[in-house]
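> data_30.cif is the file, holding mmCIF, N, CA and C atoms:
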```
data_target
#
loop_
_atom_site.label_atom_id
_atom_site.label_comp_id
_atom_site.auth_asym_id
_atom_site.auth_seq_id
_atom_site.Cartn_x
_atom_site.Cartn_y
_atom_site.Cartn_z
N MET A 26 2.96 1.21 13.52
CA MET A 26 3.72 0.86 12.33
C MET A 26 3.37 -0.57 11.93
N TYR A 27 2.97 -0.70 10.67
CA TYR A 27 2.54 -2.00 10.16
C TYR A 27 3.67 -2.85 9.60
N LEU A 28 4.77 -2.23 9.18
CA LEU A 28 5.81 -2.94 8.44
C LEU A 28 7.18 -2.48 8.90
N THR A 29 8.09 -3.42 9.06
CA THR A 29 9.47 -3.09 9.39
C THR A 29 10.31 -3.15 8.11
N TYR A 30 11.48 -2.55 8.16
CA TYR A 30 12.34 -2.58 6.98
C TYR A 30 12.77 -4.01 6.62
N PRO A 31 13.13 -4.88 7.59
CA PRO A 31 13.45 -6.26 7.20
C PRO A 31 12.25 -6.98 6.53
N GLU A 32 11.03 -6.70 6.99
CA GLU A 32 9.85 -7.29 6.34
C GLU A 32 9.71 -6.76 4.91
N PHE A 33 9.95 -5.46 4.75
CA PHE A 33 9.92 -4.86 3.42
C PHE A 33 10.95 -5.52 2.51
N GLN A 34 12.15 -5.70 3.03
CA GLN A 34 13.23 -6.32 2.26
C GLN A 34 12.89 -7.75 1.84
N SER A 35 12.11 -8.46 2.68
CA SER A 35 11.75 -9.83 2.31
C SER A 35 10.74 -9.85 1.15
N VAL A 36 9.99 -8.77 0.98
CA VAL A 36 9.03 -8.69 -0.12
C VAL A 36 9.71 -8.12 -1.37
N LEU A 37 10.45 -7.04 -1.22
CA LEU A 37 11.10 -6.36 -2.34
C LEU A 37 12.56 -6.08 -2.01
N PRO A 38 13.41 -7.10 -2.09
CA PRO A 38 14.81 -6.89 -1.73
C PRO A 38 15.48 -5.85 -2.62
N ASN A 39 16.26 -4.99 -2.01
CA ASN A 39 17.05 -3.97 -2.70
C ASN A 39 16.21 -2.97 -3.49
N SER A 40 14.96 -2.80 -3.11
CA SER A 40 14.08 -1.86 -3.81
C SER A 40 14.38 -0.42 -3.41
N VAL A 41 14.33 -0.13 -2.11
CA VAL A 41 14.62 1.21 -1.61
C VAL A 41 15.51 1.10 -0.38
N SER A 42 16.19 2.18 -0.09
CA SER A 42 17.05 2.22 1.10
C SER A 42 16.20 2.34 2.36
N ASN A 43 16.80 2.10 3.50
CA ASN A 43 16.11 2.23 4.78
C ASN A 43 15.61 3.66 4.98
N ASP A 44 16.40 4.65 4.57
CA ASP A 44 16.00 6.05 4.72
C ASP A 44 14.75 6.36 3.90
N VAL A 45 14.72 5.90 2.66
CA VAL A 45 13.55 6.12 1.80
C VAL A 45 12.35 5.39 2.37
N PHE A 46 12.58 4.16 2.83
CA PHE A 46 11.50 3.39 3.45
C PHE A 46 10.89 4.15 4.63
N GLU A 47 11.75 4.64 5.53
CA GLU A 47 11.27 5.37 6.70
C GLU A 47 10.51 6.64 6.32
N GLN A 48 10.94 7.28 5.24
CA GLN A 48 10.29 8.50 4.79
C GLN A 48 8.91 8.21 4.19
N LEU A 49 8.78 7.13 3.43
CA LEU A 49 7.53 6.84 2.72
C LEU A 49 6.54 6.01 3.52
N LEU A 50 7.00 5.30 4.54
CA LEU A 50 6.12 4.41 5.30
C LEU A 50 4.88 5.11 5.86
N PRO A 51 4.99 6.26 6.53
CA PRO A 51 3.78 6.90 7.06
C PRO A 51 2.74 7.22 5.98
N ASN A 52 3.21 7.69 4.83
CA ASN A 52 2.29 8.01 3.73
C ASN A 52 1.66 6.74 3.15
N ALA A 53 2.44 5.69 3.03
CA ALA A 53 1.90 4.44 2.51
C ALA A 53 0.85 3.88 3.46
N GLU A 54 1.10 3.97 4.75
CA GLU A 54 0.13 3.48 5.73
C GLU A 54 -1.17 4.28 5.66
N ILE A 55 -1.07 5.59 5.47
CA ILE A 55 -2.28 6.41 5.34
C ILE A 55 -3.07 5.99 4.10
N GLN A 56 -2.38 5.79 3.00
CA GLN A 56 -3.07 5.39 1.77
C GLN A 56 -3.75 4.02 1.93
N ILE A 57 -3.05 3.07 2.55
CA ILE A 57 -3.63 1.73 2.74
C ILE A 57 -4.78 1.79 3.74
N ASP A 58 -4.61 2.54 4.81
CA ASP A 58 -5.71 2.70 5.77
C ASP A 58 -6.94 3.29 5.09
N THR A 59 -6.73 4.21 4.18
CA THR A 59 -7.85 4.85 3.50
C THR A 59 -8.60 3.86 2.61
N VAL A 60 -7.88 3.06 1.84
CA VAL A 60 -8.58 2.13 0.93
C VAL A 60 -9.13 0.91 1.66
N THR A 61 -8.68 0.67 2.89
CA THR A 61 -9.22 -0.46 3.67
C THR A 61 -10.17 0.00 4.77
N ASN A 62 -10.41 1.31 4.86
CA ASN A 62 -11.22 1.88 5.94
C ASN A 62 -10.67 1.47 7.31
N TYR A 63 -9.37 1.56 7.44
CA TYR A 63 -8.66 1.28 8.70
C TYR A 63 -8.93 -0.14 9.19
N PHE A 64 -8.80 -1.11 8.27
CA PHE A 64 -9.05 -2.51 8.60
C PHE A 64 -8.27 -2.95 9.83
N TYR A 65 -6.99 -2.60 9.87
CA TYR A 65 -6.16 -2.94 11.03
C TYR A 65 -5.90 -1.73 11.93
N GLY A 66 -6.36 -0.56 11.57
CA GLY A 66 -5.99 0.65 12.29
C GLY A 66 -6.99 1.19 13.29
N MET A 67 -8.14 0.57 13.41
CA MET A 67 -9.16 1.09 14.33
C MET A 67 -9.10 0.35 15.67
N PRO A 68 -9.39 1.06 16.75
CA PRO A 68 -9.47 0.38 18.05
C PRO A 68 -10.57 -0.68 18.04
N ASP A 69 -10.37 -1.74 18.75
CA ASP A 69 -11.32 -2.85 18.85
C ASP A 69 -11.64 -3.48 17.50
N SER A 70 -10.69 -3.44 16.58
CA SER A 70 -10.88 -4.11 15.30
C SER A 70 -9.84 -5.20 15.15
N HIS A 71 -9.56 -5.59 13.95
CA HIS A 71 -8.57 -6.63 13.68
C HIS A 71 -7.20 -6.17 14.17
N VAL A 72 -6.38 -7.13 14.64
CA VAL A 72 -5.05 -6.81 15.15
C VAL A 72 -4.02 -7.51 14.26
N LEU A 73 -3.24 -6.73 13.54
CA LEU A 73 -2.27 -7.26 12.60
C LEU A 73 -1.29 -8.21 13.26
N ASP A 74 -0.74 -7.82 14.41
CA ASP A 74 0.24 -8.67 15.09
C ASP A 74 -0.35 -10.02 15.50
N ASP A 75 -1.63 -10.04 15.86
CA ASP A 75 -2.30 -11.30 16.20
C ASP A 75 -2.49 -12.17 14.96
N ASP A 76 -2.88 -11.54 13.86
CA ASP A 76 -3.10 -12.30 12.62
C ASP A 76 -1.80 -12.90 12.08
N VAL A 77 -0.69 -12.18 12.24
CA VAL A 77 0.60 -12.67 11.74
C VAL A 77 0.98 -13.99 12.41
N VAL A 78 0.64 -14.18 13.68
CA VAL A 78 1.02 -15.39 14.42
C VAL A 78 -0.17 -16.32 14.67
N SER A 79 -1.27 -16.07 14.01
CA SER A 79 -2.48 -16.87 14.22
C SER A 79 -2.26 -18.32 13.80
N GLU A 80 -3.00 -19.21 14.45
CA GLU A 80 -2.97 -20.63 14.07
C GLU A 80 -3.79 -20.88 12.80
N TYR A 81 -4.60 -19.91 12.42
CA TYR A 81 -5.43 -20.04 11.22
C TYR A 81 -4.66 -19.53 10.01
N LYS A 82 -4.49 -20.39 9.01
CA LYS A 82 -3.70 -20.03 7.83
C LYS A 82 -4.29 -18.84 7.07
N TRP A 83 -5.59 -18.72 7.01
CA TRP A 83 -6.20 -17.63 6.26
C TRP A 83 -5.93 -16.28 6.92
N LEU A 84 -5.84 -16.26 8.28
CA LEU A 84 -5.50 -15.01 8.96
C LEU A 84 -4.05 -14.62 8.70
N LYS A 85 -3.15 -15.63 8.70
CA LYS A 85 -1.75 -15.36 8.38
C LYS A 85 -1.61 -14.85 6.95
N ALA A 86 -2.37 -15.46 6.04
CA ALA A 86 -2.32 -15.04 4.64
C ALA A 86 -2.85 -13.62 4.48
N ARG A 87 -3.92 -13.30 5.18
CA ARG A 87 -4.49 -11.95 5.12
C ARG A 87 -3.48 -10.92 5.64
N ALA A 88 -2.84 -11.22 6.76
CA ALA A 88 -1.84 -10.31 7.33
C ALA A 88 -0.66 -10.16 6.38
N GLY A 89 -0.23 -11.25 5.78
CA GLY A 89 0.86 -11.19 4.81
C GLY A 89 0.50 -10.35 3.60
N ALA A 90 -0.73 -10.48 3.13
CA ALA A 90 -1.19 -9.68 1.99
C ALA A 90 -1.20 -8.19 2.35
N PHE A 91 -1.61 -7.89 3.57
CA PHE A 91 -1.65 -6.50 4.02
C PHE A 91 -0.24 -5.91 4.05
N LYS A 92 0.72 -6.67 4.57
CA LYS A 92 2.10 -6.20 4.62
C LYS A 92 2.68 -6.06 3.22
N ARG A 93 2.37 -7.01 2.32
CA ARG A 93 2.82 -6.90 0.93
C ARG A 93 2.23 -5.66 0.27
N ALA A 94 0.97 -5.37 0.58
CA ALA A 94 0.32 -4.19 0.01
C ALA A 94 1.05 -2.91 0.40
N ILE A 95 1.48 -2.82 1.64
CA ILE A 95 2.22 -1.63 2.07
C ILE A 95 3.58 -1.57 1.37
N ALA A 96 4.25 -2.71 1.27
CA ALA A 96 5.55 -2.75 0.60
C ALA A 96 5.41 -2.32 -0.86
N LEU A 97 4.42 -2.83 -1.55
CA LEU A 97 4.21 -2.47 -2.96
C LEU A 97 3.85 -1.01 -3.11
N THR A 98 3.12 -0.46 -2.16
CA THR A 98 2.76 0.95 -2.20
C THR A 98 3.99 1.83 -2.00
N ILE A 99 4.87 1.44 -1.08
CA ILE A 99 6.12 2.19 -0.88
C ILE A 99 6.95 2.17 -2.15
N ASP A 100 7.07 1.02 -2.77
CA ASP A 100 7.83 0.91 -4.02
C ASP A 100 7.20 1.77 -5.11
N TYR A 101 5.88 1.73 -5.22
CA TYR A 101 5.16 2.54 -6.20
C TYR A 101 5.41 4.02 -5.96
N MET A 102 5.33 4.45 -4.71
CA MET A 102 5.56 5.85 -4.37
C MET A 102 6.97 6.28 -4.75
N ASP A 103 7.94 5.44 -4.46
CA ASP A 103 9.32 5.76 -4.76
C ASP A 103 9.57 5.83 -6.26
N ARG A 104 9.10 4.84 -7.00
CA ARG A 104 9.36 4.80 -8.45
C ARG A 104 8.65 5.92 -9.20
N ASN A 105 7.53 6.40 -8.68
CA ASN A 105 6.74 7.41 -9.38
C ASN A 105 6.77 8.78 -8.73
N SER A 106 7.60 8.96 -7.71
CA SER A 106 7.72 10.24 -6.99
C SER A 106 6.36 10.75 -6.55
N VAL A 107 5.59 9.86 -5.92
CA VAL A 107 4.25 10.17 -5.44
C VAL A 107 4.22 9.86 -3.95
N VAL A 108 3.65 10.76 -3.14
CA VAL A 108 3.52 10.47 -1.72
C VAL A 108 2.07 10.48 -1.25
N ASP A 109 1.19 11.12 -2.02
CA ASP A 109 -0.23 11.10 -1.66
C ASP A 109 -1.08 11.36 -2.89
N SER A 110 -2.39 11.34 -2.72
CA SER A 110 -3.28 11.48 -3.86
C SER A 110 -3.21 12.86 -4.50
N SER A 111 -2.80 13.87 -3.76
CA SER A 111 -2.69 15.20 -4.37
C SER A 111 -1.61 15.22 -5.44
N ASP A 112 -0.57 14.42 -5.28
CA ASP A 112 0.45 14.33 -6.32
C ASP A 112 -0.14 13.79 -7.61
N LEU A 113 -1.08 12.87 -7.49
CA LEU A 113 -1.75 12.34 -8.67
C LEU A 113 -2.67 13.39 -9.28
N ASN A 114 -3.44 14.07 -8.44
CA ASN A 114 -4.42 15.04 -8.91
C ASN A 114 -3.80 16.30 -9.48
N ASN A 115 -2.66 16.72 -8.93
CA ASN A 115 -2.02 17.96 -9.37
C ASN A 115 -1.11 17.77 -10.56
N GLY A 116 -0.93 16.53 -10.98
CA GLY A 116 -0.07 16.30 -12.14
C GLY A 116 1.37 16.66 -11.88
N SER A 117 1.86 16.36 -10.68
CA SER A 117 3.22 16.78 -10.33
C SER A 117 4.28 15.89 -10.97
N TYR A 118 3.87 14.93 -11.75
CA TYR A 118 4.84 14.14 -12.49
C TYR A 118 4.27 13.86 -13.87
N SER A 119 5.14 13.53 -14.81
CA SER A 119 4.72 13.43 -16.19
C SER A 119 4.57 12.01 -16.70
N SER A 120 4.86 11.01 -15.87
CA SER A 120 4.69 9.64 -16.32
C SER A 120 4.29 8.75 -15.16
N ILE A 121 3.71 7.61 -15.50
CA ILE A 121 3.32 6.63 -14.49
C ILE A 121 3.69 5.26 -15.03
N GLU A 122 4.15 4.39 -14.14
CA GLU A 122 4.54 3.05 -14.53
C GLU A 122 3.79 2.05 -13.68
N ILE A 123 3.09 1.14 -14.36
CA ILE A 123 2.37 0.07 -13.68
C ILE A 123 2.79 -1.23 -14.35
N GLY A 124 3.46 -2.06 -13.59
CA GLY A 124 3.98 -3.29 -14.19
C GLY A 124 4.98 -2.94 -15.26
N ARG A 125 4.77 -3.48 -16.47
CA ARG A 125 5.66 -3.20 -17.59
C ARG A 125 5.13 -2.10 -18.51
N THR A 126 4.04 -1.47 -18.11
CA THR A 126 3.44 -0.42 -18.93
C THR A 126 3.80 0.95 -18.36
N THR A 127 4.26 1.84 -19.22
CA THR A 127 4.58 3.21 -18.83
C THR A 127 3.75 4.15 -19.69
N LEU A 128 3.07 5.09 -19.02
CA LEU A 128 2.33 6.13 -19.71
C LEU A 128 3.05 7.44 -19.46
N GLN A 129 3.31 8.19 -20.54
CA GLN A 129 4.02 9.44 -20.39
C GLN A 129 3.27 10.53 -21.13
N SER A 130 3.16 11.68 -20.50
CA SER A 130 2.48 12.81 -21.10
C SER A 130 3.28 13.33 -22.28
N ALA A 131 2.59 13.68 -23.37
CA ALA A 131 3.27 14.20 -24.55
C ALA A 131 3.94 15.54 -24.26
N ASN A 132 3.33 16.35 -23.39
CA ASN A 132 3.91 17.66 -23.09
C ASN A 132 4.74 17.67 -21.82
N GLY A 133 4.87 16.51 -21.17
CA GLY A 133 5.71 16.42 -19.98
C GLY A 133 5.07 16.96 -18.73
N GLY A 134 3.82 17.45 -18.79
CA GLY A 134 3.21 18.04 -17.61
C GLY A 134 1.83 17.50 -17.33
N GLY A 135 1.46 16.44 -18.00
CA GLY A 135 0.12 15.89 -17.82
C GLY A 135 -0.02 15.16 -16.51
N SER A 136 -1.25 14.82 -16.15
CA SER A 136 -1.46 14.11 -14.90
C SER A 136 -1.89 12.69 -15.16
N SER A 137 -1.60 11.82 -14.23
CA SER A 137 -1.97 10.43 -14.30
C SER A 137 -2.51 10.02 -12.95
N SER A 138 -3.24 8.93 -12.91
CA SER A 138 -3.69 8.44 -11.62
C SER A 138 -3.99 6.97 -11.70
N THR A 139 -4.14 6.37 -10.56
CA THR A 139 -4.57 4.99 -10.52
C THR A 139 -6.08 4.97 -10.61
N SER A 140 -6.66 3.80 -10.81
CA SER A 140 -8.11 3.72 -10.95
C SER A 140 -8.83 4.14 -9.68
N SER A 141 -8.17 4.05 -8.53
CA SER A 141 -8.80 4.39 -7.26
C SER A 141 -8.72 5.88 -6.95
N GLY A 142 -7.80 6.58 -7.58
CA GLY A 142 -7.57 7.98 -7.25
C GLY A 142 -6.66 8.16 -6.05
N PHE A 143 -6.18 7.06 -5.47
CA PHE A 143 -5.25 7.11 -4.35
C PHE A 143 -3.86 6.77 -4.85
N ALA A 144 -2.85 7.07 -4.05
CA ALA A 144 -1.47 6.75 -4.41
C ALA A 144 -1.18 5.30 -4.06
N VAL A 145 -2.02 4.42 -4.59
CA VAL A 145 -1.93 2.98 -4.35
C VAL A 145 -2.04 2.29 -5.71
N PRO A 146 -1.09 1.43 -6.06
CA PRO A 146 -1.19 0.78 -7.37
C PRO A 146 -2.39 -0.17 -7.44
N ASP A 147 -2.89 -0.36 -8.65
CA ASP A 147 -4.06 -1.21 -8.86
C ASP A 147 -3.81 -2.65 -8.39
N GLU A 148 -2.57 -3.12 -8.48
CA GLU A 148 -2.25 -4.48 -8.01
C GLU A 148 -2.50 -4.62 -6.52
N VAL A 149 -2.23 -3.56 -5.79
CA VAL A 149 -2.48 -3.58 -4.34
C VAL A 149 -3.97 -3.65 -4.06
N LEU A 150 -4.76 -2.91 -4.82
CA LEU A 150 -6.21 -2.95 -4.65
C LEU A 150 -6.75 -4.35 -4.90
N SER A 151 -6.23 -5.01 -5.91
CA SER A 151 -6.63 -6.39 -6.20
C SER A 151 -6.23 -7.33 -5.06
N LEU A 152 -5.02 -7.17 -4.57
CA LEU A 152 -4.52 -8.00 -3.48
C LEU A 152 -5.37 -7.82 -2.22
N LEU A 153 -5.65 -6.59 -1.86
CA LEU A 153 -6.47 -6.32 -0.68
C LEU A 153 -7.90 -6.84 -0.87
N GLY A 154 -8.42 -6.68 -2.06
CA GLY A 154 -9.77 -7.16 -2.35
C GLY A 154 -9.89 -8.66 -2.24
N ARG A 155 -8.87 -9.38 -2.63
CA ARG A 155 -8.86 -10.84 -2.56
C ARG A 155 -9.05 -11.33 -1.13
N PHE A 156 -8.58 -10.56 -0.17
CA PHE A 156 -8.68 -10.95 1.23
C PHE A 156 -9.77 -10.17 1.98
N GLY A 157 -10.65 -9.50 1.25
CA GLY A 157 -11.78 -8.82 1.86
C GLY A 157 -11.44 -7.57 2.64
N MET A 158 -10.34 -6.92 2.29
CA MET A 158 -9.93 -5.74 3.04
C MET A 158 -10.23 -4.43 2.33
N ARG A 159 -10.80 -4.47 1.13
CA ARG A 159 -11.15 -3.24 0.42
C ARG A 159 -12.42 -2.65 1.00
N TYR A 160 -12.42 -1.34 1.17
CA TYR A 160 -13.60 -0.64 1.65
C TYR A 160 -14.46 -0.29 0.46
N GLY A 161 -15.73 -0.68 0.52
CA GLY A 161 -16.63 -0.44 -0.59
C GLY A 161 -17.70 0.59 -0.30
N GLY A 162 -17.62 1.29 0.79
CA GLY A 162 -18.64 2.27 1.16
C GLY A 162 -18.40 3.62 0.50
N VAL A 163 -19.20 4.56 0.87
CA VAL A 163 -19.08 5.92 0.36
C VAL A 163 -17.95 6.62 1.10
N ALA A 164 -17.01 7.18 0.35
CA ALA A 164 -15.86 7.83 0.94
C ALA A 164 -16.23 9.13 1.63
N SER A 165 -17.17 9.86 1.08
CA SER A 165 -17.61 11.11 1.70
C SER A 165 -19.01 11.43 1.23
N VAL A 166 -19.70 12.26 1.99
CA VAL A 166 -21.07 12.63 1.64
C VAL A 166 -21.15 14.11 1.40
#
```
Can the structure in the file be given as structure tokens, please?

Amino acid sequence: MYLTYPEFQSVLPNSVSNDVFEQLLPNAEIQIDTVTNYFYGMPDSHVLDDDVVSEYKWLKARAGAFKRAIALTIDYMDRNSVVDSSDLNNGSYSSIEIGRTTLQSANGGGSSSTSSGFAVPDEVLSLLGRFGMRYGGVASV
């Protein structure tokens, strides 16, 4: 588990309840692991808990950005009733909200997606990219 509910609350106070957080956390972690190619999730790789307490400010900042990315993804999933990329692809909802912009299907059944095709808001992709955690390789062959 990358994020605790108190850590989530420090990023987005009063955004979602503890129950909603617990329900969405595993899906948010999968989405973040996918777009970062398991930056913190692979054996013998970076260790999030070590970076959080590191003496190097850039490692602390990177770990903080990673935790913020998960928090923002949970909030995005909750606000848009999305739990994974299939929800985006299947058009299971009729509108999407990013920042102050809302796109809504004229017929109420259209599909929307983020630029990545994952259930991760574009702001999170920018945040992760700033700290070198975005995966730029081929997703599948």
> Could you list, as a ChimeraX atom specification, every residue within 5 Å of range 48-62 of chain A, counting only N, CA and C atoms and ignoring same-chain residues fewer than 5 positions away?
/A:158-160
> Of the candidates A:Pro68, A:Ser40, A:Asp75, A:Glu80, which one gets nearest to Arg104 in chain A if we count only C-alpha atoms?
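Closest to Arg104 in chain A, using only C-alpha atoms: A:Ser40.
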> Between A:Ala144, A:Val108, A:Val149, A:Ile123, single out the one closest to Ala94 in chain A, counting all atoms listed in the file.
A:Val149
> Suppose a student applies the PyMOL selection byres (((chain A and resi 87 and name CA) around 12) and name CA) to this structure; what residues should they get, written as a PyMOL selection string?
chain A and resi 64-65+71-79+81-86+88-94+152-159
> One decimal, Å: what's the distance from CA of Ser70 in chain A over to CA of Gly161 in chain A, could you say?
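The value is 17.3 Å.
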> So which residues are close to (5.0, 3.6, -7.9), meaning at most 9 Å away in the file's coordinates with only C-alpha atoms counted, and can you show them as a ChimeraX atom specification?
/A:97-107,121-123,144-146
> Please produce an output containing N, CA and C atoms for each residue in the selection, written as a compact mmCIF listing (two decimals), keeping the file's coordinate frame.

```txt
# COMPACT_ATOMS: atom_id res chain seq x y z
N LEU A 97 4.42 -2.83 -1.55
CA LEU A 97 4.21 -2.47 -2.96
C LEU A 97 3.85 -1.01 -3.11
N THR A 98 3.12 -0.46 -2.16
CA THR A 98 2.76 0.95 -2.20
C THR A 98 3.99 1.83 -2.00
N ILE A 99 4.87 1.44 -1.08
CA ILE A 99 6.12 2.19 -0.88
C ILE A 99 6.95 2.17 -2.15
N ASP A 100 7.07 1.02 -2.77
CA ASP A 100 7.83 0.91 -4.02
C ASP A 100 7.20 1.77 -5.11
N TYR A 101 5.88 1.73 -5.22
CA TYR A 101 5.16 2.54 -6.20
C TYR A 101 5.41 4.02 -5.96
N MET A 102 5.33 4.45 -4.71
CA MET A 102 5.56 5.85 -4.37
C MET A 102 6.97 6.28 -4.75
N ASP A 103 7.94 5.44 -4.46
CA ASP A 103 9.32 5.76 -4.76
C ASP A 103 9.57 5.83 -6.26
N ARG A 104 9.10 4.84 -7.00
CA ARG A 104 9.36 4.80 -8.45
C ARG A 104 8.65 5.92 -9.20
N ASN A 105 7.53 6.40 -8.68
CA ASN A 105 6.74 7.41 -9.38
C ASN A 105 6.77 8.78 -8.73
N SER A 106 7.60 8.96 -7.71
CA SER A 106 7.72 10.24 -6.99
C SER A 106 6.36 10.75 -6.55
N VAL A 107 5.59 9.86 -5.92
CA VAL A 107 4.25 10.17 -5.44
C VAL A 107 4.22 9.86 -3.95
N ILE A 121 3.71 7.61 -15.50
CA ILE A 121 3.32 6.63 -14.49
C ILE A 121 3.69 5.26 -15.03
N GLU A 122 4.15 4.39 -14.14
CA GLU A 122 4.54 3.05 -14.53
C GLU A 122 3.79 2.05 -13.68
N ILE A 123 3.09 1.14 -14.36
CA ILE A 123 2.37 0.07 -13.68
C ILE A 123 2.79 -1.23 -14.35
N ALA A 144 -2.85 7.07 -4.05
CA ALA A 144 -1.47 6.75 -4.41
C ALA A 144 -1.18 5.30 -4.06
N VAL A 145 -2.02 4.42 -4.59
CA VAL A 145 -1.93 2.98 -4.35
C VAL A 145 -2.04 2.29 -5.71
N PRO A 146 -1.09 1.43 -6.06
CA PRO A 146 -1.19 0.78 -7.37
C PRO A 146 -2.39 -0.17 -7.44
```
> Rounded to one decimal place, report the CA of Leu150 in chain A-CA of Ile95 in chain A distance in Å.
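So the two atoms, CA of Leu150 in chain A and CA of Ile95 in chain A, lie 10.9 Å apart.
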> Take CA of Gly66 in chain A and CA of Leu28 in chain A and report the distance between them in Å, one decimal.
12.9 Å
> Let me have the centre and edge lengths in Å, one decimal, of the box along x, y and z around every listed atom of range 75-90 of chain A with 5 Å of margin on each side, as lines of an AutoDock Vina configuration file.

```
center_x = -2.6
center_y = -14.5
center_z = 9.1
size_x = 17.2
size_y = 22.7
size_z = 24.2
```
